[in-house]
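Reproduced below: model_9.cif, with mmCIF, C-alpha atoms and all ligand atoms.
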data_target
loop_
_atom_site.label_atom_id
_atom_site.label_comp_id
_atom_site.auth_asym_id
_atom_site.auth_seq_id
_atom_site.Cartn_x
_atom_site.Cartn_y
_atom_site.Cartn_z
CA MET A 1 -2.05 10.63 -9.00
CA ILE A 2 -2.68 7.89 -11.54
CA ILE A 3 -3.92 4.66 -10.01
CA ALA A 4 -3.20 1.43 -11.90
CA ARG A 5 -4.88 -1.75 -10.73
CA THR A 6 -3.81 -4.09 -13.49
CA ARG A 7 -0.47 -4.78 -15.15
CA LYS A 8 -1.98 -3.66 -18.44
CA ASP A 9 -2.93 -0.25 -17.04
CA LEU A 10 0.38 0.04 -15.27
CA ASN A 11 2.35 -0.68 -18.43
CA LYS A 12 0.36 1.96 -20.34
CA THR A 13 1.05 4.53 -17.61
CA LEU A 14 4.75 3.64 -17.39
CA GLN A 15 5.03 3.89 -21.16
CA ARG A 16 3.50 7.38 -21.06
CA PHE A 17 5.77 8.48 -18.20
CA SER A 18 8.87 7.13 -19.94
CA GLN A 19 8.45 9.89 -22.51
CA LYS A 20 8.99 12.47 -19.77
CA PRO A 21 12.73 12.91 -19.04
CA GLY A 22 14.11 12.25 -15.55
CA LYS A 23 14.44 9.40 -13.08
CA LEU A 24 11.67 7.19 -11.78
CA ALA A 25 11.77 6.34 -8.05
CA LEU A 26 9.87 3.39 -6.61
CA ILE A 27 8.55 2.99 -3.06
CA PRO A 28 7.22 -0.55 -2.56
CA THR A 29 4.82 -0.89 0.39
CA MET A 30 2.15 -3.15 1.81
CA GLY A 31 -0.11 -0.17 2.54
CA ASN A 32 -1.47 1.05 5.88
CA LEU A 33 0.75 4.03 5.26
CA HIS A 34 2.16 6.06 8.14
CA ASP A 35 4.64 8.94 8.35
CA GLY A 36 7.53 6.52 7.88
CA HIS A 37 6.23 5.56 4.43
CA LEU A 38 5.46 9.17 3.58
CA SER A 39 9.05 10.11 4.42
CA LEU A 40 10.10 7.60 1.72
CA ILE A 41 7.87 9.37 -0.80
CA ARG A 42 9.42 12.71 0.18
CA LEU A 43 12.92 11.27 -0.22
CA ALA A 44 11.89 9.89 -3.62
CA LYS A 45 10.73 13.32 -4.72
CA LEU A 46 14.05 14.84 -3.73
CA ASN A 47 15.94 12.27 -5.80
CA ALA A 48 13.74 11.72 -8.85
CA VAL A 49 11.37 13.52 -11.18
CA LYS A 50 8.76 10.76 -11.19
CA THR A 51 7.54 8.67 -8.22
CA ILE A 52 5.64 5.41 -8.11
CA ALA A 53 4.38 3.66 -4.99
CA THR A 54 3.06 0.12 -4.84
CA ILE A 55 0.60 -1.28 -2.31
CA PHE A 56 0.53 -5.06 -2.27
CA VAL A 57 0.18 -7.30 0.77
CA ASN A 58 2.49 -10.03 -0.41
CA PRO A 59 1.25 -13.49 0.66
CA LEU A 60 4.68 -15.05 0.02
CA GLN A 61 6.30 -13.28 2.96
CA PHE A 62 3.80 -14.39 5.63
CA GLY A 63 4.24 -17.63 7.53
CA LYS A 64 1.33 -20.01 8.25
CA ASN A 65 0.62 -18.54 11.68
CA GLU A 66 1.26 -14.95 10.75
CA ASP A 67 -1.11 -12.05 10.20
CA TYR A 68 -1.61 -12.12 6.37
CA SER A 69 -5.42 -12.11 6.50
CA LYS A 70 -5.61 -9.57 9.30
CA TYR A 71 -2.83 -7.33 7.97
CA PRO A 72 -4.43 -3.85 7.98
CA ARG A 73 -5.81 -2.85 4.56
CA THR A 74 -6.63 0.86 4.47
CA GLU A 75 -6.78 1.61 0.75
CA LYS A 76 -8.96 4.75 0.82
CA VAL A 77 -6.85 6.59 3.40
CA ASP A 78 -3.61 5.39 1.78
CA ILE A 79 -4.70 6.87 -1.55
CA GLN A 80 -5.52 10.19 0.15
CA LYS A 81 -2.10 10.28 1.80
CA LEU A 82 -0.22 9.50 -1.42
CA THR A 83 -2.25 12.08 -3.33
CA LYS A 84 -1.38 14.70 -0.71
CA GLU A 85 2.32 13.85 -1.09
CA LYS A 86 1.96 14.28 -4.88
CA CYS A 87 3.06 10.75 -5.68
CA ASP A 88 2.68 10.38 -9.47
CA ILE A 89 1.61 6.74 -9.85
CA LEU A 90 0.17 4.11 -7.51
CA PHE A 91 0.15 0.45 -8.50
CA ILE A 92 -2.40 -1.28 -6.27
CA PRO A 93 -3.16 -4.61 -7.92
CA THR A 94 -6.72 -5.92 -7.77
CA ASP A 95 -5.41 -9.35 -6.78
CA LYS A 96 -2.27 -11.42 -6.59
CA ASN A 97 -2.57 -12.60 -10.20
CA GLU A 98 -1.61 -9.09 -11.33
CA VAL A 99 1.75 -9.58 -9.62
CA PHE A 100 2.21 -13.33 -9.93
CA PRO A 101 0.15 -14.39 -12.99
CA GLU A 102 -0.31 -18.16 -13.24
CA ASN A 103 0.91 -18.19 -16.86
CA GLU A 104 4.21 -16.56 -15.90
CA ASN A 105 7.11 -18.57 -14.50
CA LEU A 106 7.69 -17.38 -10.94
CA LYS A 107 11.35 -16.66 -10.31
CA LYS A 108 11.83 -17.59 -6.66
CA ILE A 109 14.68 -15.76 -4.97
CA GLU A 110 16.55 -17.40 -2.10
CA SER A 111 17.79 -15.15 0.68
CA GLY A 112 20.71 -17.44 1.62
CA LYS A 113 22.41 -17.74 5.00
CA LEU A 114 21.65 -14.18 6.15
CA GLY A 115 18.00 -14.79 5.32
CA ASP A 116 17.91 -17.50 8.00
CA GLU A 117 19.41 -15.31 10.72
CA LEU A 118 17.92 -12.61 13.01
CA CYS A 119 14.30 -12.09 11.81
CA GLY A 120 14.71 -14.98 9.35
CA LYS A 121 15.30 -17.37 12.23
CA ILE A 122 11.92 -16.54 13.76
CA ARG A 123 10.15 -16.14 10.39
CA PRO A 124 11.44 -19.03 8.23
CA GLY A 125 11.05 -18.30 4.51
CA HIS A 126 10.00 -14.68 5.13
CA PHE A 127 12.92 -13.09 3.29
CA ASN A 128 12.61 -15.49 0.32
CA GLY A 129 9.05 -14.15 -0.03
CA VAL A 130 10.20 -10.52 0.30
CA LEU A 131 12.99 -10.92 -2.28
CA THR A 132 10.74 -12.79 -4.70
CA VAL A 133 8.09 -10.05 -4.69
CA VAL A 134 10.58 -7.16 -4.71
CA ASN A 135 12.44 -8.70 -7.66
CA LYS A 136 9.10 -9.13 -9.46
CA ILE A 137 8.12 -5.50 -8.76
CA PHE A 138 11.54 -4.34 -10.02
CA GLU A 139 11.03 -6.41 -13.20
CA ILE A 140 7.56 -4.98 -13.78
CA ILE A 141 8.36 -1.32 -13.06
CA LYS A 142 12.06 -1.05 -13.98
CA PRO A 143 12.68 2.00 -11.75
CA ASP A 144 15.94 3.98 -11.66
CA ILE A 145 15.81 4.29 -7.88
CA ALA A 146 14.11 2.24 -5.17
CA ILE A 147 13.71 3.34 -1.57
CA PHE A 148 13.47 1.21 1.59
CA GLY A 149 13.30 2.17 5.25
CA ALA A 150 16.18 1.59 7.67
CA LYS A 151 13.82 0.10 10.28
CA ASP A 152 13.77 -3.11 8.23
CA TYR A 153 17.56 -3.12 8.12
CA GLN A 154 17.97 -6.82 7.34
CA GLN A 155 15.38 -6.61 4.56
CA GLN A 156 17.16 -3.62 3.07
CA ILE A 157 20.57 -5.39 3.11
CA LEU A 158 19.13 -8.52 1.49
CA ILE A 159 17.36 -6.46 -1.18
CA LYS A 160 20.62 -4.61 -1.84
CA GLN A 161 22.47 -7.92 -2.37
CA MET A 162 19.72 -9.21 -4.65
CA ALA A 163 19.60 -5.95 -6.66
CA GLU A 164 23.39 -5.86 -7.10
CA ASN A 165 23.11 -9.28 -8.79
CA LEU A 166 19.88 -8.95 -10.74
CA HIS A 167 19.35 -5.21 -11.26
CA PRO A 168 22.85 -3.70 -11.36
CA SER A 169 21.79 -0.34 -12.78
CA LEU A 170 19.24 0.29 -10.03
CA SER A 171 20.19 2.69 -7.19
CA LEU A 172 18.88 1.82 -3.75
CA LEU A 173 18.34 4.48 -1.11
CA LYS A 174 17.96 3.79 2.59
CA ALA A 175 15.62 6.19 4.41
CA PRO A 176 16.14 6.94 8.13
CA ILE A 177 13.82 5.49 10.78
CA ILE A 178 10.93 7.77 11.71
CA ARG A 179 9.94 7.60 15.39
CA SER A 180 6.98 8.78 17.41
CA LYS A 181 7.65 11.28 20.23
CA ASN A 182 8.32 8.50 22.74
CA GLY A 183 10.90 6.87 20.46
CA VAL A 184 8.83 3.99 19.05
CA ALA A 185 9.82 3.32 15.42
CA LEU A 186 6.75 3.82 13.20
CA SER A 187 5.35 0.53 11.90
CA SER A 188 1.99 -0.70 10.64
CA ARG A 189 2.13 -3.28 13.42
CA ASN A 190 1.94 -0.50 16.05
CA ASN A 191 -1.78 -0.41 15.22
CA TYR A 192 -2.13 -3.73 16.98
CA LEU A 193 -0.88 -2.23 20.28
CA SER A 194 -2.93 -0.70 23.08
CA GLU A 195 -1.86 2.62 24.60
CA LYS A 196 -0.29 0.74 27.50
CA GLU A 197 1.62 -1.52 25.11
CA ILE A 198 2.88 1.49 23.10
CA LYS A 199 4.34 2.88 26.33
CA LEU A 200 6.07 -0.43 26.97
CA ALA A 201 7.31 -0.50 23.36
CA SER A 202 9.20 2.77 23.88
CA ASN A 203 11.60 0.82 26.12
CA LEU A 204 13.01 -0.95 23.07
CA PHE A 205 14.51 2.28 21.70
CA LYS A 206 15.72 3.24 25.21
CA CYS A 207 17.42 -0.12 25.48
CA LEU A 208 19.13 0.30 22.08
CA GLU A 209 20.30 3.81 23.04
CA ASN A 210 21.64 2.61 26.41
CA SER A 211 23.45 -0.25 24.71
CA VAL A 212 25.17 2.15 22.29
CA SER A 213 26.31 4.36 25.13
CA SER A 214 27.55 1.32 27.12
CA TYR A 215 29.51 0.11 24.08
CA LYS A 216 31.10 3.55 23.75
CA LYS A 217 32.07 3.33 27.44
CA ASN A 218 33.79 0.05 26.62
CA ILE A 219 31.53 -2.10 28.78
CA ARG A 220 31.96 -5.73 27.69
CA LEU A 221 29.66 -6.62 24.80
CA CYS A 222 28.38 -9.84 26.41
CA GLU A 223 27.45 -7.85 29.51
CA ILE A 224 25.66 -5.19 27.42
CA ILE A 225 23.61 -7.85 25.66
CA GLU A 226 22.76 -9.70 28.86
CA ASN A 227 21.66 -6.44 30.52
CA ALA A 228 19.65 -5.41 27.47
CA LYS A 229 17.71 -8.68 27.45
CA LYS A 230 17.08 -8.47 31.21
CA PHE A 231 15.87 -4.87 30.83
CA LEU A 232 13.51 -5.79 27.97
CA ILE A 233 12.05 -8.72 29.91
CA SER A 234 11.54 -6.45 32.95
CA LYS A 235 9.40 -4.21 30.69
CA ASN A 236 7.30 -7.12 29.40
CA LEU A 237 9.08 -7.09 26.05
CA ASP A 238 10.05 -10.64 25.15
CA PRO A 239 13.29 -10.48 23.11
CA ASP A 240 13.62 -12.79 20.07
CA TYR A 241 17.14 -11.44 19.62
CA PHE A 242 19.32 -8.53 20.66
CA GLU A 243 22.58 -8.41 18.72
CA LEU A 244 25.44 -6.24 17.58
CA ARG A 245 26.44 -6.64 13.93
CA ASP A 246 28.53 -4.75 11.39
CA SER A 247 26.88 -2.71 8.64
CA LYS A 248 26.66 -5.79 6.37
CA LEU A 249 25.20 -7.79 9.27
CA ASN A 250 28.24 -9.94 10.00
CA SER A 251 28.38 -10.87 13.70
CA ILE A 252 30.51 -8.85 16.09
CA LYS A 253 31.67 -10.77 19.12
CA ASP A 254 33.70 -8.27 21.16
CA ASN A 255 34.53 -4.61 21.83
CA ASN A 256 37.44 -4.35 19.37
CA PHE A 257 35.43 -3.52 16.26
CA ASN A 258 35.99 0.02 14.98
CA GLY A 259 33.85 0.17 11.83
CA LYS A 260 30.14 1.05 11.47
CA LYS A 261 27.98 -1.08 13.73
CA ILE A 262 24.35 -1.67 14.45
CA PHE A 263 22.44 -2.96 17.47
CA LEU A 264 19.34 -4.78 16.24
CA SER A 265 16.49 -6.30 18.16
CA SER A 266 13.13 -7.94 17.75
CA VAL A 267 10.75 -8.21 20.69
CA LYS A 268 7.28 -9.57 21.25
CA ILE A 269 4.62 -7.65 23.16
CA ASN A 270 1.87 -10.18 23.71
CA ASN A 271 1.23 -11.36 20.12
CA THR A 272 2.82 -8.43 18.27
CA ARG A 273 6.41 -8.51 17.10
CA LEU A 274 8.32 -5.23 16.83
CA ILE A 275 11.76 -4.63 15.38
CA ASP A 276 14.13 -1.72 15.78
CA ASN A 277 17.81 -0.87 15.42
CA ILE A 278 20.42 1.85 15.91
CA GLU A 279 23.42 2.35 13.68
CA PHE A 280 26.50 4.01 15.16
O1 LIG B 301 8.68 -3.62 3.85
C1 LIG B 301 7.61 -3.95 3.30
O2 LIG B 301 6.56 -3.30 3.43
C2 LIG B 301 7.57 -5.21 2.44
O3 LIG B 301 8.41 -6.19 2.96
C3 LIG B 301 7.89 -4.94 0.96
C4 LIG B 301 9.30 -4.43 0.78
C5 LIG B 301 6.90 -3.92 0.41
C6 LIG B 301 7.74 -6.24 0.16
O4 LIG B 301 6.47 -6.76 0.24
#

I'd like the structure from this file rewritten - as structure tokens, please.
Ligand code: PAF
Amino acid sequence: MIIARTRKDLNKTLQRFSQKPGKLALIPTMGNLHDGHLSLIRLAKLNAVKTIATIFVNPLQFGKNEDYSKYPRTEKVDIQKLTKEKCDILFIPTDKNEVFPENENLKKIESGKLGDELCGKIRPGHFNGVLTVVNKIFEIIKPDIAIFGAKDYQQQILIKQMAENLHPSLSLLKAPIIRSKNGVALSSRNNYLSEKEIKLASNLFKCLENSVSSYKKNIRLCEIIENAKKFLISKNLDPDYFELRDSKLNSIKDNNFNGKKIFLSSVKINNTRLIDNIEF
């Protein structure tokens, strides 16, 4: 795997790779790679000849009281994992100037109304930061394909909207959620949880599954949501939201919706926020 730490090195590598025919697939990450990320690399390899991963903890997407400085940075192990997966290129910038140089005009991307809902409501400005960095990474790398995980469903929808406007020839792929044996969706933030908290966290997936089966049994949506929140609280999971939306994240208010739907939730376990969803 070729490791580029500066834009200059990256451009040289990309130039060299552009001579090789075939598609280039990008997997943007913030590092601390787990099996969920590695499944994105595997999906990339099935869909493209060349793969590039990025590891950049993007300061723009962290709020003032969030975990930017303590976000886990595990570069050595991440590099080993990517090498094992036969990723071709890794862009791991030495510092933020390699992504957002001071002499370059920063194009700030606004995430609009949807960016202020669900996770955006509890993390104001978060999705503007995500879209701004992802757009910048797309501009730098110019991939044919980019892959994002379905766990961050709202992020993936917002990136899709942004890419349709600004990068129309780019194909986006959504990779399925990877779960541990007890159902917890893999996330770098799981590292913050104790064993006891991980056990509690598995109730979030149970709650989503139960809600899907209740919806299929035609139990009233408002009742399902009320019961879900009560269940989560009883398991020491403090719900920020628990909602049913359509596949584009428009609200669904009753049981008469026949299209593709998704239950989404965010909960807090002590100071750690976890998100999960089920599409059906
Ligand atoms: O999902 C993430 O890890 C980040 O939000 C992303 C897409 C790499 C942008 O920083």

message = Excluding stretch 24-34 of chain A and its own-chain neighbours fewer than 4 positions away, which residues fall within 9 Å of it when counting only C-alpha atoms? Please give them as a VMD selection string.
response = chain A and resid 17 to 18 38 to 41 44 to 45 47 to 58 71 to 75 77 to 78 81 to 82 134 137 to 138 141 to 148 186 to 188

inquiry  = Just want the 6 Å neighbourhood of stretch 103-110 of chain A, counted on only C-alpha atoms, with same-chain residues fewer than 3 positions away dropped. Output as an MDAnalysis selection string.
reply    = chainID A and resid 128 131:132

Which residue of A:Ile178, A:Val267, A:Ile92, A:Cys207 approaches A:Glu226 most closely, using all atoms listed in the file =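 Closest candidate: A:Cys207.
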
task = Please return, as a VMD selection string, all polymer residues that have at least one atom within 6 Å of the point (-2.7, 1.8, -10.0); use all atoms listed in the file and the file's own coordinate frame.
result = chain A and resid 3 to 5 90 to 92

Per-axis box centre and lengths in Å around stretch 66-71 of chain A, 3 Å margin per side, axis-aligned, as AutoDock Vina command-line options:
--center_x -2.2 --center_y -11.1 --center_z 8.6 --size_x 12.9 --size_y 13.6 --size_z 10.4

inquiry  = Applying 12 Å and all atoms listed in the file, which residues near A:Ser194 remain after dropping the ones on its own chain fewer than 5 positions away? List them as a PyMOL selection string.
reply    = chain A and resi 189+199-201+269-272

message = At a cut-off of 9 Å, using only C-alpha atoms, what residues contact A:Gly115? Leave out same-chain residues fewer than 2 positions from it and give the result as a list in words.
response = Glu110, Ser111, Gly112, Lys113, Glu117, Leu118, Cys119, Gly120, Lys121, Pro124, Gly125, His126, Phe127, Asn128, Gln154, Gln155 and Leu158 of chain A

inquiry  = Let me make sure I understand: among A:Arg245, A:Lys174, A:Arg16, A:Lys23, which one has the smallest atom-to-atom distance to ligand LIG 301 (chain B) if we use all atoms listed in the file?
reply    = A:Lys174

inquiry  = Can you pull out the residues contacting A:Ser247? Cut-off 12 Å, using only C-alpha atoms, and skip same-chain residues under 3 positions away; I want them as number ranges by chain.
reply    = A: 150, 153-154, 156-157, 244, 250-252, 257-264, 277-280

Take the residues that were just selected and, keeping C-alpha atoms, output them as a compact mmCIF listing (two decimals), keeping the file's coordinate frame.
# COMPACT_ATOMS: atom_id res chain seq x y z
CA ALA A 150 16.18 1.59 7.67
CA TYR A 153 17.56 -3.12 8.12
CA GLN A 154 17.97 -6.82 7.34
CA GLN A 156 17.16 -3.62 3.07
CA ILE A 157 20.57 -5.39 3.11
CA LEU A 244 25.44 -6.24 17.58
CA ASN A 250 28.24 -9.94 10.00
CA SER A 251 28.38 -10.87 13.70
CA ILE A 252 30.51 -8.85 16.09
CA PHE A 257 35.43 -3.52 16.26
CA ASN A 258 35.99 0.02 14.98
CA GLY A 259 33.85 0.17 11.83
CA LYS A 260 30.14 1.05 11.47
CA LYS A 261 27.98 -1.08 13.73
CA ILE A 262 24.35 -1.67 14.45
CA PHE A 263 22.44 -2.96 17.47
CA LEU A 264 19.34 -4.78 16.24
CA ASN A 277 17.81 -0.87 15.42
CA ILE A 278 20.42 1.85 15.91
CA GLU A 279 23.42 2.35 13.68
CA PHE A 280 26.50 4.01 15.16

One-decimal distance in Å that lies between atom CA of A:Ser211 and atom CA of A:Ile224 =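 Atom CA of A:Ile224 sits 6.1 Å away from atom CA of A:Ser211.
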
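Nearest to ligand LIG 301 (chain B) of all the residues A:Glu195, A:Asp152, A:Glu209, A:Asp276 is A:Asp152, based on all atoms listed in the file.
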
key: Nearest to ligand LIG 301 (chain B), chosen from A:Leu60, A:Leu172, A:Cys87, A:Leu237, with all atoms listed in the file counted in the distances   =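 Ranking A:Leu60, A:Leu172, A:Cys87, A:Leu237 by distance to ligand LIG 301 (chain B), first place goes to A:Leu60.
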
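Our summary of the geometry notes that atom CA of A:Lys20 is positioned 18.7 Å from atom CA of A:Leu170.
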
query = From the set A:Asp35, A:Asn255, A:Phe62, A:Ala175, which residue has the shortest atom-to-atom contact distance to A:Val130, counting all atoms listed in the file?
reply =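 Closest to A:Val130 of all the choices is A:Phe62.
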
task = For atom CA of A:Asn165 and atom CA of A:Asn135, quote the distance in Å rounded to one decimal.
result =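 Computing the Euclidean distance for atom CA of A:Asn165 and atom CA of A:Asn135 yields 10.7 Å.
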